[in-house]
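Novice: There's a structure below that I have some questions on.
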Amino acid sequence: MRYYISDLHFYHHNLLDKMDNRGFSSVEEMNEYIIEQWNKKVRKNDEVVILGDLSYGNGIQTNEILNRLKGKLFLIRGNHDKLYLEDKNFDSSRFGWIRDYAELNDDRKKVILCHYPICCYNGQYRTDERGNSKTYMLYGHIHNSREQALVDNFINITRQTRIDPNSDKDLRYIPCQMINCFCMYSDYQPLSLMEWIENDIKRKNPDNI
């Protein structure tokens, strides 16, 4: 099984009572909760792609965290990963790869992976014979913020835009499947692609749950 998650921010004090207001009394409490949630879901041979901003700790601290997380790990670099990645004491061998951007196949769908949301992503127009999207853009970075509200507005506008506005025969609308894999949306558990799709629908349509 392959899972995805973003913006865990281990050791990041400011997120306890600012921006995210995560509500933990200390980073140690937050770290332990995230590790517990992760290991409830992930098994030894599962793959987990971390979409950036894994840790605000140094190399040794981040190594200790990674050694406690189950699964085979892969990292999409985020803007807050520089501290530990450039630390000479950090052991990067825990990651199968470290990239700024990746494209993978998952459950017969194409997945675009980047820490930052990409509004016009590769394969966006690909659909199956029923008109269902075949490509999904997974990202992080913006947490649950005003920027997320702007991205949601962009998605809604895009989905209401005709592919060919001058043709009465072409009634298709532009596909736009962008999903924020922000860890707080999943209570700090990595989710599969299908689980993130369901999570995203529920987040955007809470009245229909």
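For the structure tokens, the naming scheme is as follows: chains receive sequential letters (A, B, ...) according to their order of presentation, residues are indexed from 1 within each chain, and ligands are indexed from 1 in presentation order.
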Near range 157-165 of chain A, within 6 Å and counting only C-alpha atoms, which residues show up once chain neighbours fewer than 4 positions away are dropped, as a ChimeraX atom specification?

Specialist: /A:172-175

Novice: Write out the residues from the selection above, keeping N, CA, C and O atoms, as a PDB file, in the first residue's frame.

Specialist:
```pdb
ATOM      1  N   ARG A 172     -17.954  19.295 -22.018  1.00  0.00           N
ATOM      2  CA  ARG A 172     -17.019  18.925 -20.960  1.00  0.00           C
ATOM      3  C   ARG A 172     -16.449  20.155 -20.264  1.00  0.00           C
ATOM      4  O   ARG A 172     -16.263  21.204 -20.876  1.00  0.00           O
ATOM      5  N   TYR A 173     -16.186  19.976 -18.998  1.00  0.00           N
ATOM      6  CA  TYR A 173     -15.584  21.038 -18.204  1.00  0.00           C
ATOM      7  C   TYR A 173     -14.148  20.655 -17.858  1.00  0.00           C
ATOM      8  O   TYR A 173     -13.779  19.482 -17.890  1.00  0.00           O
ATOM      9  N   ILE A 174     -13.326  21.647 -17.535  1.00  0.00           N
ATOM     10  CA  ILE A 174     -11.915  21.390 -17.249  1.00  0.00           C
ATOM     11  C   ILE A 174     -11.788  20.595 -15.948  1.00  0.00           C
ATOM     12  O   ILE A 174     -12.280  21.022 -14.906  1.00  0.00           O
ATOM     13  N   PRO A 175     -11.126  19.446 -16.014  1.00  0.00           N
ATOM     14  CA  PRO A 175     -10.901  18.682 -14.774  1.00  0.00           C
ATOM     15  C   PRO A 175      -9.907  19.418 -13.879  1.00  0.00           C
ATOM     16  O   PRO A 175      -8.981  20.065 -14.370  1.00  0.00           O
TER      17      PRO A 175
END
```

Novice: Excluding range 98-104 of chain A and any residue of its chain fewer than 4 positions from it, enumerate the residues within 8 Å of it, using only C-alpha atoms, and give them as number ranges by chain.

Specialist: A: 74-78, 110-115

Novice: Hey, could you make a per-residue contact list for range 77-193 of chain A against range 9-14 of chain A with 10 Å as the cut-off, showing the nearest pair of atoms and its distance in Å to one decimal, counting only C-alpha atoms, sorted by chain and number, as CSV?

Specialist:
```
residue,atom,partner,partner_atom,distance
A:His80,CA,A:His9,CA,8.1
A:Asp81,CA,A:His9,CA,9.0
A:Cys183,CA,A:His9,CA,9.4
```

Novice: Please dump the current selection as a compact mmCIF listing (two decimals), in the first residue's frame; keep all heavy atoms.

Specialist:
```txt
# COMPACT_ATOMS: atom_id res chain seq x y z
N HIS A 80 10.76 23.84 4.59
CA HIS A 80 11.26 23.71 5.95
C HIS A 80 12.09 22.44 6.16
O HIS A 80 12.35 22.07 7.31
CB HIS A 80 10.10 23.75 6.95
CG HIS A 80 9.56 25.12 7.19
ND1 HIS A 80 8.22 25.41 7.15
CD2 HIS A 80 10.18 26.29 7.47
CE1 HIS A 80 8.03 26.69 7.38
NE2 HIS A 80 9.21 27.25 7.59
N ASP A 81 12.49 21.79 5.09
CA ASP A 81 13.29 20.57 5.24
C ASP A 81 14.79 20.85 5.17
O ASP A 81 15.61 19.95 5.37
CB ASP A 81 12.92 19.56 4.15
CG ASP A 81 11.53 19.00 4.35
OD1 ASP A 81 11.24 18.56 5.49
OD2 ASP A 81 10.74 18.99 3.40
N CYS A 183 -1.48 17.18 7.07
CA CYS A 183 -1.60 16.13 8.09
C CYS A 183 -2.78 16.31 9.04
O CYS A 183 -3.37 15.33 9.50
CB CYS A 183 -0.30 16.03 8.88
SG CYS A 183 0.17 17.53 9.79
```

Novice: Residues within 12 Å of Tyr136 in chain A, please, as an NGL selection string. Count only C-alpha atoms; anything in the same chain fewer than 4 positions from it doesn't count.

Specialist: :A and (103-114 or 117-127 or 132 or 175-181 or 193-194 or 196-197 or 200)

Novice: Pick from A:Lys88, A:Lys40, A:Lys82, A:Arg94: nearest to Ile65 in chain A, with only C-alpha atoms counted?

Specialist: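 Of A:Lys88, A:Lys40, A:Lys82, A:Arg94, the one nearest Ile65 in chain A, counting only C-alpha atoms, is A:Arg94.
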
Novice: Please, what distance in Å, to one decimal, runs between CA of Val49 in chain A and CA of Met137 in chain A?

Specialist: 13.3 Å

Novice: Name the closest residue to Leu138 in chain A among the candidates A:Leu51, A:Ile201, A:Leu85, A:Ile60; distances are taken between atoms, counting only C-alpha atoms.

Specialist: A:Leu51

Novice: Using only C-alpha atoms, pick whichever of A:Ala149, A:Leu8, A:Val42, A:Ile35 has the shortest atom-to-atom distance to Lys72 in chain A.

Specialist: A:Val42

Novice: Among range 36-121 of chain A, which residues carry a DSSP assignment of alpha helix (DSSP H), reported as a ChimeraX atom specification?

Specialist: /A:36-41,59-66,82-85

Novice: As a PyMOL selection string, list the residues of range 50-176 of chain A assigned to strand (DSSP E or B) by DSSP on the backbone atoms of this structure.

Specialist: chain A and resi 50+55+72-76+95-99+101-106+109-114+127+133+135-139+162+173

Novice: For a test of reading the model, state the distance in Å between CA of Ser26 in chain A and CA of Val48 in chain A, rounded to one decimal.

Specialist: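 So the two atoms, CA of Ser26 in chain A and CA of Val48 in chain A, lie 25.6 Å apart.
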
Novice: Identify, on the basis of only C-alpha atoms, every residue whose closest approach to Lys41 in chain A does not exceed 10 Å; exclude the query and any residue fewer than 4 positions from it along the same chain; express the result as a VMD selection string.

Specialist: chain A and resid 3 36 to 37 46 70 to 71 189 to 191

Novice: For the residues in the current selection, export N, CA, C and O atoms as an mmCIF file, in the first residue's frame.

Specialist:
```
data_model
loop_
_atom_site.group_PDB
_atom_site.id
_atom_site.type_symbol
_atom_site.label_atom_id
_atom_site.label_comp_id
_atom_site.auth_asym_id
_atom_site.auth_seq_id
_atom_site.Cartn_x
_atom_site.Cartn_y
_atom_site.Cartn_z
ATOM 1 N N TYR A 3 0.941 5.372 0.752
ATOM 2 C CA TYR A 3 0.262 6.449 1.457
ATOM 3 C C TYR A 3 0.970 7.780 1.181
ATOM 4 O O TYR A 3 2.119 7.819 0.730
ATOM 5 N N GLU A 36 2.461 7.894 16.988
ATOM 6 C CA GLU A 36 1.443 6.892 17.333
ATOM 7 C C GLU A 36 0.400 6.756 16.226
ATOM 8 O O GLU A 36 0.031 5.639 15.831
ATOM 9 N N GLN A 37 -0.087 7.899 15.726
ATOM 10 C CA GLN A 37 -1.084 7.878 14.659
ATOM 11 C C GLN A 37 -0.531 7.230 13.395
ATOM 12 O O GLN A 37 -1.210 6.461 12.714
ATOM 13 N N ASP A 46 4.726 -0.985 3.714
ATOM 14 C CA ASP A 46 3.966 0.085 3.064
ATOM 15 C C ASP A 46 4.912 1.199 2.640
ATOM 16 O O ASP A 46 5.954 1.426 3.271
ATOM 17 N N LYS A 70 7.154 3.594 10.850
ATOM 18 C CA LYS A 70 7.090 2.382 10.041
ATOM 19 C C LYS A 70 7.003 2.733 8.558
ATOM 20 O O LYS A 70 6.594 3.825 8.183
ATOM 21 N N GLY A 71 7.352 1.769 7.725
ATOM 22 C CA GLY A 71 7.178 1.922 6.289
ATOM 23 C C GLY A 71 8.446 2.296 5.548
ATOM 24 O O GLY A 71 9.490 2.599 6.147
ATOM 25 N N GLN A 189 -2.527 10.956 10.158
ATOM 26 C CA GLN A 189 -2.293 9.631 9.587
ATOM 27 C C GLN A 189 -2.074 9.718 8.081
ATOM 28 O O GLN A 189 -2.844 10.386 7.385
ATOM 29 N N PRO A 190 -1.055 9.051 7.547
ATOM 30 C CA PRO A 190 -0.914 8.956 6.098
ATOM 31 C C PRO A 190 -2.128 8.242 5.506
ATOM 32 O O PRO A 190 -2.662 7.307 6.112
ATOM 33 N N LEU A 191 -2.570 8.690 4.331
ATOM 34 C CA LEU A 191 -3.724 8.097 3.662
ATOM 35 C C LEU A 191 -3.348 7.659 2.254
ATOM 36 O O LEU A 191 -2.451 8.223 1.634
#
```

Novice: Write out as number ranges by chain each polymer residue whose atoms come within 10 Å of Ser93 in chain A, counting only C-alpha atoms; drop sequence neighbours fewer than 3 positions from it.

Specialist: A: 63, 73, 90, 96-98

Novice: Go ahead and write the residues just picked, C-alpha atoms, as a compact mmCIF listing (two decimals), in the first residue's frame.

Specialist:
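Below is the file that was written, result33.txt:
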```
# COMPACT_ATOMS: atom_id res chain seq x y z
CA ASN A 63 16.93 10.70 12.44
CA LEU A 73 9.74 6.45 3.17
CA PHE A 90 21.56 13.53 9.12
CA GLY A 96 14.15 5.66 -0.90
CA TRP A 97 14.51 8.95 -2.76
CA ILE A 98 14.42 12.70 -2.14
```

Novice: For Asn89 in chain A, list every protein, DNA or RNA residue within 8 Å, evaluated using only C-alpha atoms, and leave out those in the same chain fewer than 2 positions away; present the list as a ChimeraX atom specification.

Specialist: /A:59-60,87,91

Novice: Next, write the just-selected residues to a file, as a PDB file, in the first residue's frame, keeping all heavy atoms as the atom set.

Specialist:
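So the final result, stored in again-v4.pdb, reads:
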```pdb
ATOM      1  N   GLY A  59      19.572  17.318  12.372  1.00  0.00           N
ATOM      2  CA  GLY A  59      19.776  16.012  11.775  1.00  0.00           C
ATOM      3  C   GLY A  59      19.579  14.865  12.739  1.00  0.00           C
ATOM      4  O   GLY A  59      18.913  13.871  12.416  1.00  0.00           O
ATOM      5  N   ILE A  60      20.150  14.964  13.925  1.00  0.00           N
ATOM      6  CA  ILE A  60      20.045  13.888  14.912  1.00  0.00           C
ATOM      7  C   ILE A  60      18.602  13.714  15.374  1.00  0.00           C
ATOM      8  O   ILE A  60      18.088  12.591  15.458  1.00  0.00           O
ATOM      9  CB  ILE A  60      20.973  14.176  16.110  1.00  0.00           C
ATOM     10  CG1 ILE A  60      22.445  14.090  15.674  1.00  0.00           C
ATOM     11  CG2 ILE A  60      20.694  13.207  17.249  1.00  0.00           C
ATOM     12  CD1 ILE A  60      23.436  14.460  16.751  1.00  0.00           C
ATOM     13  N   ASP A  87      22.247  19.115   7.431  1.00  0.00           N
ATOM     14  CA  ASP A  87      23.002  18.796   8.639  1.00  0.00           C
ATOM     15  C   ASP A  87      23.883  17.575   8.359  1.00  0.00           C
ATOM     16  O   ASP A  87      23.389  16.531   7.924  1.00  0.00           O
ATOM     17  CB  ASP A  87      22.029  18.505   9.784  1.00  0.00           C
ATOM     18  CG  ASP A  87      22.712  18.360  11.132  1.00  0.00           C
ATOM     19  OD1 ASP A  87      23.903  17.990  11.167  1.00  0.00           O
ATOM     20  OD2 ASP A  87      22.041  18.588  12.156  1.00  0.00           O
ATOM     21  N   ASP A  91      21.187  11.243   8.413  1.00  0.00           N
ATOM     22  CA  ASP A  91      21.343  10.053   7.588  1.00  0.00           C
ATOM     23  C   ASP A  91      20.163   9.966   6.630  1.00  0.00           C
ATOM     24  O   ASP A  91      19.051   9.599   7.024  1.00  0.00           O
ATOM     25  CB  ASP A  91      21.404   8.805   8.475  1.00  0.00           C
ATOM     26  CG  ASP A  91      21.537   7.517   7.675  1.00  0.00           C
ATOM     27  OD1 ASP A  91      21.764   7.597   6.446  1.00  0.00           O
ATOM     28  OD2 ASP A  91      21.415   6.436   8.279  1.00  0.00           O
TER      29      ASP A  91
END
```

Novice: Using only C-alpha atoms, which residue out of A:Asn39, A:Ser55, A:Ser6, A:Asn153 lies closest to Arg68 in chain A?

Specialist: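 Answer, going by the shortest atom-to-atom distance: A:Asn39.
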